[in-house]
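A.B. asks: Here you go, this is protein-v2.cif (mmCIF, N, CA and C atoms).
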data_model
loop_
_atom_site.label_atom_id
_atom_site.label_comp_id
_atom_site.auth_asym_id
_atom_site.auth_seq_id
_atom_site.Cartn_x
_atom_site.Cartn_y
_atom_site.Cartn_z
N SER K 733 48.53 -38.16 -35.78
CA SER K 733 47.19 -38.11 -36.29
C SER K 733 46.19 -38.51 -35.20
N CYS K 734 46.51 -39.55 -34.46
CA CYS K 734 45.66 -39.98 -33.35
C CYS K 734 45.62 -38.91 -32.26
N ASP K 735 46.75 -38.26 -32.01
CA ASP K 735 46.80 -37.18 -31.01
C ASP K 735 45.97 -35.97 -31.46
N LYS K 736 46.02 -35.74 -32.78
CA LYS K 736 45.23 -34.62 -33.31
C LYS K 736 43.73 -34.89 -33.14
N GLU K 737 43.33 -36.13 -33.40
CA GLU K 737 41.93 -36.50 -33.23
C GLU K 737 41.50 -36.41 -31.77
N ARG K 738 42.37 -36.87 -30.91
CA ARG K 738 42.09 -36.81 -29.47
C ARG K 738 41.95 -35.34 -29.02
N ALA K 739 42.85 -34.48 -29.45
CA ALA K 739 42.80 -33.06 -29.11
C ALA K 739 41.52 -32.43 -29.66
N ARG K 740 41.15 -32.83 -30.86
CA ARG K 740 39.93 -32.32 -31.48
C ARG K 740 38.69 -32.77 -30.69
N LEU K 741 38.67 -34.04 -30.26
CA LEU K 741 37.56 -34.55 -29.46
C LEU K 741 37.46 -33.82 -28.12
N PHE K 742 38.61 -33.57 -27.48
CA PHE K 742 38.60 -32.82 -26.21
C PHE K 742 38.08 -31.40 -26.43
N ALA K 743 38.48 -30.79 -27.53
CA ALA K 743 38.01 -29.43 -27.84
C ALA K 743 36.50 -29.42 -28.08
N LEU K 744 36.02 -30.44 -28.82
CA LEU K 744 34.58 -30.54 -29.07
C LEU K 744 33.81 -30.81 -27.77
N ALA K 745 34.34 -31.65 -26.90
CA ALA K 745 33.69 -31.94 -25.62
C ALA K 745 33.64 -30.67 -24.76
N ALA K 746 34.72 -29.90 -24.76
CA ALA K 746 34.74 -28.65 -23.99
C ALA K 746 33.74 -27.66 -24.56
N GLU K 747 33.66 -27.60 -25.90
CA GLU K 747 32.69 -26.70 -26.54
C GLU K 747 31.26 -27.15 -26.21
N ARG K 748 31.02 -28.47 -26.22
CA ARG K 748 29.70 -29.00 -25.87
C ARG K 748 29.33 -28.61 -24.43
N ASP K 749 30.26 -28.78 -23.50
CA ASP K 749 30.02 -28.41 -22.11
C ASP K 749 29.71 -26.92 -21.98
N PHE K 750 30.49 -26.11 -22.70
CA PHE K 750 30.29 -24.65 -22.67
C PHE K 750 28.90 -24.31 -23.21
N LEU K 751 28.53 -24.91 -24.35
CA LEU K 751 27.23 -24.62 -24.96
C LEU K 751 26.07 -25.14 -24.09
N THR K 752 26.27 -26.27 -23.44
CA THR K 752 25.26 -26.81 -22.53
C THR K 752 25.03 -25.84 -21.37
N GLN K 753 26.10 -25.32 -20.81
CA GLN K 753 25.99 -24.35 -19.71
C GLN K 753 25.28 -23.08 -20.18
N LYS K 754 25.64 -22.58 -21.36
CA LYS K 754 25.00 -21.39 -21.92
C LYS K 754 23.52 -21.64 -22.14
N ASN K 755 23.18 -22.82 -22.62
CA ASN K 755 21.78 -23.18 -22.85
C ASN K 755 20.99 -23.16 -21.54
N ARG K 756 21.58 -23.72 -20.47
CA ARG K 756 20.93 -23.69 -19.15
C ARG K 756 20.70 -22.25 -18.69
N GLU K 757 21.73 -21.42 -18.84
CA GLU K 757 21.61 -20.02 -18.42
C GLU K 757 20.51 -19.30 -19.21
N LEU K 758 20.47 -19.56 -20.52
CA LEU K 758 19.43 -18.92 -21.34
C LEU K 758 18.04 -19.42 -20.96
N ASN K 759 17.92 -20.71 -20.68
CA ASN K 759 16.62 -21.26 -20.26
C ASN K 759 16.17 -20.62 -18.94
N LEU K 760 17.10 -20.42 -18.01
CA LEU K 760 16.76 -19.77 -16.74
C LEU K 760 16.32 -18.32 -16.98
N GLU K 761 17.01 -17.64 -17.87
CA GLU K 761 16.66 -16.26 -18.20
C GLU K 761 15.28 -16.18 -18.85
N VAL K 762 14.97 -17.10 -19.75
CA VAL K 762 13.65 -17.13 -20.39
C VAL K 762 12.57 -17.40 -19.34
N ALA K 763 12.81 -18.32 -18.44
CA ALA K 763 11.84 -18.62 -17.38
C ALA K 763 11.62 -17.40 -16.49
N ARG K 764 12.70 -16.69 -16.13
CA ARG K 764 12.58 -15.49 -15.32
C ARG K 764 11.78 -14.42 -16.06
N ALA K 765 12.06 -14.25 -17.35
CA ALA K 765 11.34 -13.25 -18.16
C ALA K 765 9.85 -13.60 -18.25
N ARG K 766 9.53 -14.88 -18.38
CA ARG K 766 8.12 -15.30 -18.44
C ARG K 766 7.41 -15.02 -17.12
N ARG K 767 8.09 -15.32 -16.00
CA ARG K 767 7.49 -15.04 -14.68
C ARG K 767 7.22 -13.54 -14.53
N GLU K 768 8.20 -12.75 -14.93
CA GLU K 768 8.06 -11.30 -14.82
C GLU K 768 6.91 -10.81 -15.70
N MET K 769 6.79 -11.33 -16.90
CA MET K 769 5.72 -10.92 -17.81
C MET K 769 4.36 -11.32 -17.25
N ARG K 770 4.26 -12.53 -16.70
CA ARG K 770 2.99 -12.95 -16.09
C ARG K 770 2.63 -12.03 -14.93
N SER K 771 3.62 -11.67 -14.14
CA SER K 771 3.38 -10.77 -13.02
C SER K 771 2.90 -9.41 -13.51
N GLN K 772 3.54 -8.90 -14.56
CA GLN K 772 3.12 -7.61 -15.12
C GLN K 772 1.71 -7.68 -15.68
N LEU K 773 1.40 -8.79 -16.36
CA LEU K 773 0.05 -8.95 -16.91
C LEU K 773 -1.00 -9.01 -15.80
N ASP K 774 -0.70 -9.75 -14.74
CA ASP K 774 -1.63 -9.82 -13.61
C ASP K 774 -1.83 -8.45 -12.99
N SER K 775 -0.74 -7.73 -12.84
CA SER K 775 -0.81 -6.38 -12.28
C SER K 775 -1.64 -5.46 -13.18
N GLN K 776 -1.42 -5.55 -14.48
CA GLN K 776 -2.16 -4.72 -15.42
C GLN K 776 -3.64 -5.07 -15.41
N LYS K 777 -3.96 -6.36 -15.32
CA LYS K 777 -5.37 -6.78 -15.25
C LYS K 777 -6.03 -6.20 -14.01
N ALA K 778 -5.34 -6.25 -12.87
CA ALA K 778 -5.89 -5.70 -11.63
C ALA K 778 -6.08 -4.19 -11.76
N GLU K 779 -5.12 -3.52 -12.36
CA GLU K 779 -5.22 -2.07 -12.55
C GLU K 779 -6.39 -1.73 -13.48
N ASN K 780 -6.54 -2.50 -14.55
CA ASN K 780 -7.66 -2.26 -15.48
C ASN K 780 -9.00 -2.48 -14.78
N ALA K 781 -9.09 -3.50 -13.95
CA ALA K 781 -10.33 -3.75 -13.22
C ALA K 781 -10.63 -2.59 -12.27
N ALA K 782 -9.61 -2.08 -11.60
CA ALA K 782 -9.81 -0.94 -10.70
C ALA K 782 -10.23 0.30 -11.48
N MET K 783 -9.61 0.53 -12.63
CA MET K 783 -9.98 1.68 -13.45
C MET K 783 -11.41 1.56 -13.96
N GLU K 784 -11.81 0.36 -14.32
CA GLU K 784 -13.19 0.13 -14.78
C GLU K 784 -14.18 0.43 -13.65
N ALA K 785 -13.85 -0.01 -12.45
CA ALA K 785 -14.73 0.27 -11.30
C ALA K 785 -14.80 1.78 -11.05
N GLU K 786 -13.67 2.46 -11.14
CA GLU K 786 -13.66 3.92 -10.94
C GLU K 786 -14.45 4.62 -12.03
N ARG K 787 -14.34 4.13 -13.28
CA ARG K 787 -15.08 4.72 -14.39
C ARG K 787 -16.58 4.57 -14.16
N GLU K 788 -16.98 3.37 -13.73
CA GLU K 788 -18.40 3.14 -13.45
C GLU K 788 -18.89 4.05 -12.32
N GLU K 789 -18.07 4.21 -11.29
CA GLU K 789 -18.44 5.09 -10.17
C GLU K 789 -18.54 6.53 -10.64
N LEU K 790 -17.63 6.96 -11.49
CA LEU K 790 -17.69 8.32 -12.03
C LEU K 790 -18.94 8.53 -12.87
N GLN K 791 -19.28 7.53 -13.67
CA GLN K 791 -20.50 7.64 -14.47
C GLN K 791 -21.72 7.75 -13.56
N ARG K 792 -21.73 6.95 -12.50
CA ARG K 792 -22.84 7.01 -11.55
C ARG K 792 -22.92 8.39 -10.92
N LEU K 793 -21.77 8.92 -10.54
CA LEU K 793 -21.74 10.25 -9.93
C LEU K 793 -22.16 11.33 -10.93
N ALA K 794 -21.78 11.17 -12.19
CA ALA K 794 -22.19 12.14 -13.21
C ALA K 794 -23.70 12.12 -13.39
N LEU K 795 -24.28 10.92 -13.41
CA LEU K 795 -25.73 10.82 -13.52
C LEU K 795 -26.42 11.42 -12.29
N GLU K 796 -25.86 11.15 -11.12
CA GLU K 796 -26.42 11.71 -9.89
C GLU K 796 -26.32 13.24 -9.90
N ALA K 797 -25.19 13.76 -10.37
CA ALA K 797 -25.03 15.21 -10.45
C ALA K 797 -26.04 15.81 -11.43
N LYS K 798 -26.26 15.13 -12.55
CA LYS K 798 -27.27 15.61 -13.52
C LYS K 798 -28.65 15.63 -12.88
N ARG K 799 -28.96 14.55 -12.16
CA ARG K 799 -30.28 14.47 -11.52
C ARG K 799 -30.44 15.61 -10.52
N LEU K 800 -29.41 15.85 -9.72
CA LEU K 800 -29.48 16.92 -8.74
C LEU K 800 -29.58 18.29 -9.41
N LEU K 801 -28.87 18.47 -10.51
CA LEU K 801 -28.95 19.74 -11.23
C LEU K 801 -30.34 19.94 -11.82
N SER K 802 -30.95 18.86 -12.30
CA SER K 802 -32.33 18.96 -12.82
C SER K 802 -33.29 19.32 -11.70
N MET K 803 -33.12 18.67 -10.55
CA MET K 803 -33.99 19.00 -9.39
C MET K 803 -33.79 20.46 -8.99
N LYS K 804 -32.57 20.90 -9.01
CA LYS K 804 -32.27 22.28 -8.63
C LYS K 804 -32.90 23.25 -9.62
N ALA K 805 -32.85 22.92 -10.90
CA ALA K 805 -33.45 23.77 -11.92
C ALA K 805 -34.95 23.88 -11.70
N VAL K 806 -35.59 22.76 -11.36
CA VAL K 806 -37.03 22.78 -11.08
C VAL K 806 -37.31 23.65 -9.86
N LEU K 807 -36.49 23.48 -8.82
CA LEU K 807 -36.67 24.30 -7.62
C LEU K 807 -36.44 25.78 -7.92
N ASP K 808 -35.43 26.07 -8.75
CA ASP K 808 -35.17 27.47 -9.11
C ASP K 808 -36.38 28.08 -9.82
N GLU K 809 -37.02 27.29 -10.69
CA GLU K 809 -38.20 27.79 -11.40
C GLU K 809 -39.37 28.01 -10.45
N GLU K 810 -39.48 27.14 -9.45
CA GLU K 810 -40.61 27.23 -8.53
C GLU K 810 -40.38 28.23 -7.41
N THR K 811 -39.16 28.68 -7.23
CA THR K 811 -38.84 29.58 -6.13
C THR K 811 -39.47 30.95 -6.37
N SER K 812 -40.12 31.45 -5.37
CA SER K 812 -40.71 32.78 -5.47
C SER K 812 -40.41 33.53 -4.17
N GLU K 813 -40.84 34.78 -4.10
CA GLU K 813 -40.58 35.57 -2.90
C GLU K 813 -41.34 35.01 -1.70
N THR K 814 -42.41 34.32 -1.93
CA THR K 814 -43.22 33.77 -0.84
C THR K 814 -42.89 32.30 -0.60
N GLU K 815 -41.65 31.94 -0.75
CA GLU K 815 -41.22 30.55 -0.58
C GLU K 815 -41.54 30.08 0.84
N ASP K 816 -42.17 28.92 0.96
CA ASP K 816 -42.49 28.43 2.29
C ASP K 816 -41.34 27.60 2.87
N GLU K 817 -41.46 27.23 4.10
CA GLU K 817 -40.40 26.54 4.82
C GLU K 817 -40.05 25.18 4.19
N ALA K 818 -41.03 24.45 3.71
CA ALA K 818 -40.78 23.14 3.10
C ALA K 818 -39.91 23.27 1.86
N LYS K 819 -40.19 24.28 1.04
CA LYS K 819 -39.37 24.49 -0.16
C LYS K 819 -37.95 24.88 0.23
N ARG K 820 -37.81 25.71 1.25
CA ARG K 820 -36.48 26.13 1.69
C ARG K 820 -35.70 24.93 2.18
N GLN K 821 -36.35 24.06 2.97
CA GLN K 821 -35.67 22.86 3.47
C GLN K 821 -35.29 21.91 2.33
N ALA K 822 -36.19 21.77 1.37
CA ALA K 822 -35.90 20.90 0.22
C ALA K 822 -34.72 21.45 -0.57
N ALA K 823 -34.69 22.76 -0.74
CA ALA K 823 -33.58 23.38 -1.48
C ALA K 823 -32.26 23.19 -0.72
N GLU K 824 -32.31 23.35 0.60
CA GLU K 824 -31.10 23.17 1.40
C GLU K 824 -30.61 21.72 1.32
N LYS K 825 -31.53 20.75 1.40
CA LYS K 825 -31.16 19.34 1.29
C LYS K 825 -30.55 19.06 -0.09
N LEU K 826 -31.14 19.63 -1.12
CA LEU K 826 -30.62 19.47 -2.46
C LEU K 826 -29.19 19.99 -2.55
N LEU K 827 -28.93 21.15 -1.97
CA LEU K 827 -27.58 21.72 -1.98
C LEU K 827 -26.60 20.82 -1.23
N GLN K 828 -27.04 20.25 -0.11
CA GLN K 828 -26.18 19.35 0.65
C GLN K 828 -25.85 18.08 -0.15
N GLU K 829 -26.88 17.51 -0.80
CA GLU K 829 -26.65 16.32 -1.62
C GLU K 829 -25.71 16.65 -2.77
N HIS K 830 -25.95 17.78 -3.40
CA HIS K 830 -25.10 18.21 -4.52
C HIS K 830 -23.66 18.35 -4.06
N ALA K 831 -23.44 18.97 -2.93
CA ALA K 831 -22.09 19.16 -2.41
C ALA K 831 -21.43 17.81 -2.12
N ALA K 832 -22.20 16.87 -1.55
CA ALA K 832 -21.65 15.54 -1.25
C ALA K 832 -21.23 14.81 -2.53
N VAL K 833 -22.08 14.87 -3.55
CA VAL K 833 -21.76 14.22 -4.82
C VAL K 833 -20.52 14.88 -5.44
N MET K 834 -20.44 16.18 -5.37
CA MET K 834 -19.29 16.89 -5.95
C MET K 834 -18.00 16.54 -5.21
N ARG K 835 -18.08 16.40 -3.87
CA ARG K 835 -16.88 15.99 -3.12
C ARG K 835 -16.43 14.61 -3.54
N GLN K 836 -17.38 13.68 -3.70
CA GLN K 836 -17.02 12.33 -4.14
C GLN K 836 -16.40 12.37 -5.53
N ALA K 837 -17.00 13.14 -6.41
CA ALA K 837 -16.48 13.22 -7.78
C ALA K 837 -15.09 13.84 -7.80
N GLN K 838 -14.89 14.89 -7.01
CA GLN K 838 -13.57 15.52 -6.97
C GLN K 838 -12.52 14.55 -6.43
N THR K 839 -12.91 13.75 -5.45
CA THR K 839 -11.99 12.74 -4.91
C THR K 839 -11.61 11.75 -6.01
N LEU K 840 -12.61 11.27 -6.75
CA LEU K 840 -12.33 10.33 -7.82
C LEU K 840 -11.53 10.98 -8.94
N MET K 841 -11.86 12.22 -9.28
CA MET K 841 -11.14 12.91 -10.36
C MET K 841 -9.68 13.11 -9.96
N GLY K 842 -9.41 13.28 -8.69
CA GLY K 842 -8.03 13.46 -8.23
C GLY K 842 -7.20 12.19 -8.36
N MET K 843 -7.87 11.04 -8.51
CA MET K 843 -7.14 9.77 -8.63
C MET K 843 -6.56 9.58 -10.02
N PHE K 844 -7.05 10.35 -11.00
CA PHE K 844 -6.60 10.19 -12.37
C PHE K 844 -6.09 11.51 -12.90
N PRO K 845 -5.00 11.50 -13.66
CA PRO K 845 -4.59 12.73 -14.32
C PRO K 845 -5.63 13.11 -15.36
N ARG K 846 -5.66 14.37 -15.77
CA ARG K 846 -6.67 14.85 -16.70
C ARG K 846 -6.73 14.00 -17.97
N ASP K 847 -5.60 13.72 -18.59
CA ASP K 847 -5.59 12.92 -19.81
C ASP K 847 -6.05 11.50 -19.53
N GLY K 848 -5.70 10.97 -18.37
CA GLY K 848 -6.10 9.61 -18.02
C GLY K 848 -7.61 9.48 -17.92
N MET K 849 -8.28 10.49 -17.39
CA MET K 849 -9.73 10.44 -17.28
C MET K 849 -10.36 10.51 -18.65
N ASP K 850 -9.84 11.36 -19.55
CA ASP K 850 -10.40 11.47 -20.88
C ASP K 850 -10.26 10.15 -21.63
N SER K 851 -9.08 9.51 -21.52
CA SER K 851 -8.90 8.24 -22.22
C SER K 851 -9.74 7.15 -21.56
N LEU K 852 -9.87 7.21 -20.24
CA LEU K 852 -10.70 6.24 -19.53
C LEU K 852 -12.15 6.40 -19.97
N ALA K 853 -12.62 7.63 -20.06
CA ALA K 853 -14.00 7.87 -20.47
C ALA K 853 -14.21 7.49 -21.92
N SER K 854 -13.23 7.71 -22.77
CA SER K 854 -13.40 7.40 -24.19
C SER K 854 -13.48 5.91 -24.44
N THR K 855 -12.96 5.10 -23.52
CA THR K 855 -13.04 3.65 -23.69
C THR K 855 -14.28 3.08 -23.02
N ALA K 856 -15.07 3.93 -22.43
CA ALA K 856 -16.26 3.47 -21.71
C ALA K 856 -17.26 2.87 -22.71
N ARG K 857 -18.14 2.06 -22.21
CA ARG K 857 -19.08 1.37 -23.08
C ARG K 857 -20.24 2.27 -23.50
N GLY K 858 -20.59 3.26 -22.73
CA GLY K 858 -21.73 4.11 -23.05
C GLY K 858 -21.38 5.16 -24.09
N PRO K 859 -22.39 5.56 -24.94
CA PRO K 859 -22.11 6.54 -25.98
C PRO K 859 -21.84 7.93 -25.45
N ASN K 860 -22.31 8.25 -24.24
CA ASN K 860 -22.14 9.60 -23.69
C ASN K 860 -21.07 9.65 -22.61
N ALA K 861 -20.20 8.65 -22.54
CA ALA K 861 -19.24 8.57 -21.44
C ALA K 861 -18.29 9.75 -21.41
N LEU K 862 -17.72 10.13 -22.57
CA LEU K 862 -16.77 11.24 -22.61
C LEU K 862 -17.48 12.55 -22.29
N SER K 863 -18.67 12.75 -22.88
CA SER K 863 -19.38 14.00 -22.60
C SER K 863 -19.82 14.05 -21.14
N SER K 864 -20.15 12.90 -20.55
CA SER K 864 -20.52 12.89 -19.12
C SER K 864 -19.34 13.30 -18.26
N THR K 865 -18.15 12.80 -18.61
CA THR K 865 -16.96 13.16 -17.85
C THR K 865 -16.64 14.64 -18.01
N GLN K 866 -16.75 15.14 -19.24
CA GLN K 866 -16.49 16.56 -19.48
C GLN K 866 -17.54 17.42 -18.76
N GLU K 867 -18.79 16.96 -18.79
CA GLU K 867 -19.85 17.69 -18.11
C GLU K 867 -19.62 17.71 -16.60
N LEU K 868 -19.18 16.58 -16.05
CA LEU K 868 -18.88 16.51 -14.63
C LEU K 868 -17.75 17.47 -14.29
N ARG K 869 -16.72 17.52 -15.14
CA ARG K 869 -15.61 18.46 -14.91
C ARG K 869 -16.11 19.90 -14.87
N SER K 870 -16.98 20.26 -15.84
CA SER K 870 -17.46 21.64 -15.88
C SER K 870 -18.36 21.93 -14.67
N THR K 871 -19.11 20.92 -14.24
CA THR K 871 -19.95 21.08 -13.06
C THR K 871 -19.10 21.29 -11.82
N LEU K 872 -17.97 20.58 -11.75
CA LEU K 872 -17.09 20.71 -10.59
C LEU K 872 -16.47 22.10 -10.51
N LYS K 873 -16.35 22.77 -11.66
CA LYS K 873 -15.71 24.08 -11.68
C LYS K 873 -16.63 25.18 -11.18
N ARG K 874 -17.93 24.98 -11.25
CA ARG K 874 -18.83 26.05 -10.81
C ARG K 874 -19.47 25.67 -9.47
N PRO K 875 -19.47 26.59 -8.53
CA PRO K 875 -20.06 26.30 -7.22
C PRO K 875 -21.60 26.30 -7.33
N PRO K 876 -22.27 25.55 -6.47
CA PRO K 876 -23.73 25.57 -6.50
C PRO K 876 -24.25 26.93 -6.04
N ARG K 877 -25.35 27.36 -6.68
CA ARG K 877 -25.93 28.65 -6.31
C ARG K 877 -26.82 28.45 -5.10
N ARG K 878 -26.88 29.43 -4.25
CA ARG K 878 -27.76 29.40 -3.08
C ARG K 878 -29.16 29.79 -3.53
N LEU K 879 -30.15 29.11 -3.01
CA LEU K 879 -31.53 29.45 -3.33
C LEU K 879 -32.03 30.50 -2.35
N GLY K 880 -32.99 31.29 -2.81
CA GLY K 880 -33.64 32.24 -1.90
C GLY K 880 -32.88 33.45 -1.80
#
Just give me the structure as structure tokens.
C.D. replies:
Amino acid sequence: SCDKERARLFALAAERDFLTQKNRELNLEVARARREMRSQLDSQKAENAAMEAEREELQRLALEAKRLLSMKAVLDEETSETEDEAKRQAAEKLLQEHAAVMRQAQTLMGMFPRDGMDSLASTARGPNALSSTQELRSTLKRPPRRLG
């Protein structure tokens, strides 16, 4: 009976040691998983901040493109057969600015897949963000017209 109790105590001590070791291993695994999750969260926060900056830049470029298109429309209305040199130079400068803005926008649009830009624009704070992005896309598809 005493031997049975002793054997039982040794078995319980061995089980305790085994469970203690398993507990240590699980605690290490939980700590590793927490570190990994924190790293992923930090990475996601940085990515979100970068996407927000890109969204803001795209909105700025869309507004700039709209402004340039409005200026171009005014110039188109004012253009006549007797166009003077100043108007021609202004029109040429407008075309150059428009081309520069379009190159910047195309560069930014290339950084995001099509669906990514739509979802990025839909989460924007402005009410016209998605339509601005769609309008910028349609503007990018058509080349600027030459004046004169």
A.B. asks: Would you compute the distance between CA of Arg748 (chain K) and CA of Arg767 (chain K)? Give it in Å to one decimal.
C.D. replies: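 CA of Arg748 (chain K) sits 28.5 Å away from CA of Arg767 (chain K).
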A.B. asks: Quick one: apply the PyMOL selection byres (((chain K and resi 831-834 and name CA) around 8) and name CA) to the file and drop the selected residues here as an MDAnalysis selection string.
C.D. replies: chainID K and resid 793 796:797 827:830 835:838 872 876
A.B. asks: I'd like to know which of K:Arg799, K:Leu760, K:Met841, K:Asp774 is closest to Arg787 (chain K), using only C-alpha atoms.
C.D. replies: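 Using only C-alpha atoms, Arg787 (chain K) sits closest to K:Met841.
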A.B. asks: Could you state which residues are captured by the PyMOL selection byres (((chain K and resi 804 and name CA) around 10) and name CA) in this file, as a PyMOL selection string?
C.D. replies: chain K and resi 798-803+805-810+822-823+826-827+830+876-877+879
A.B. asks: Quick one: distance from CA of Leu741 (chain K) to CA of Asn759 (chain K) in Å, one decimal?
C.D. replies: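 Separation between CA of Leu741 (chain K) and CA of Asn759 (chain K): 26.5 Å.
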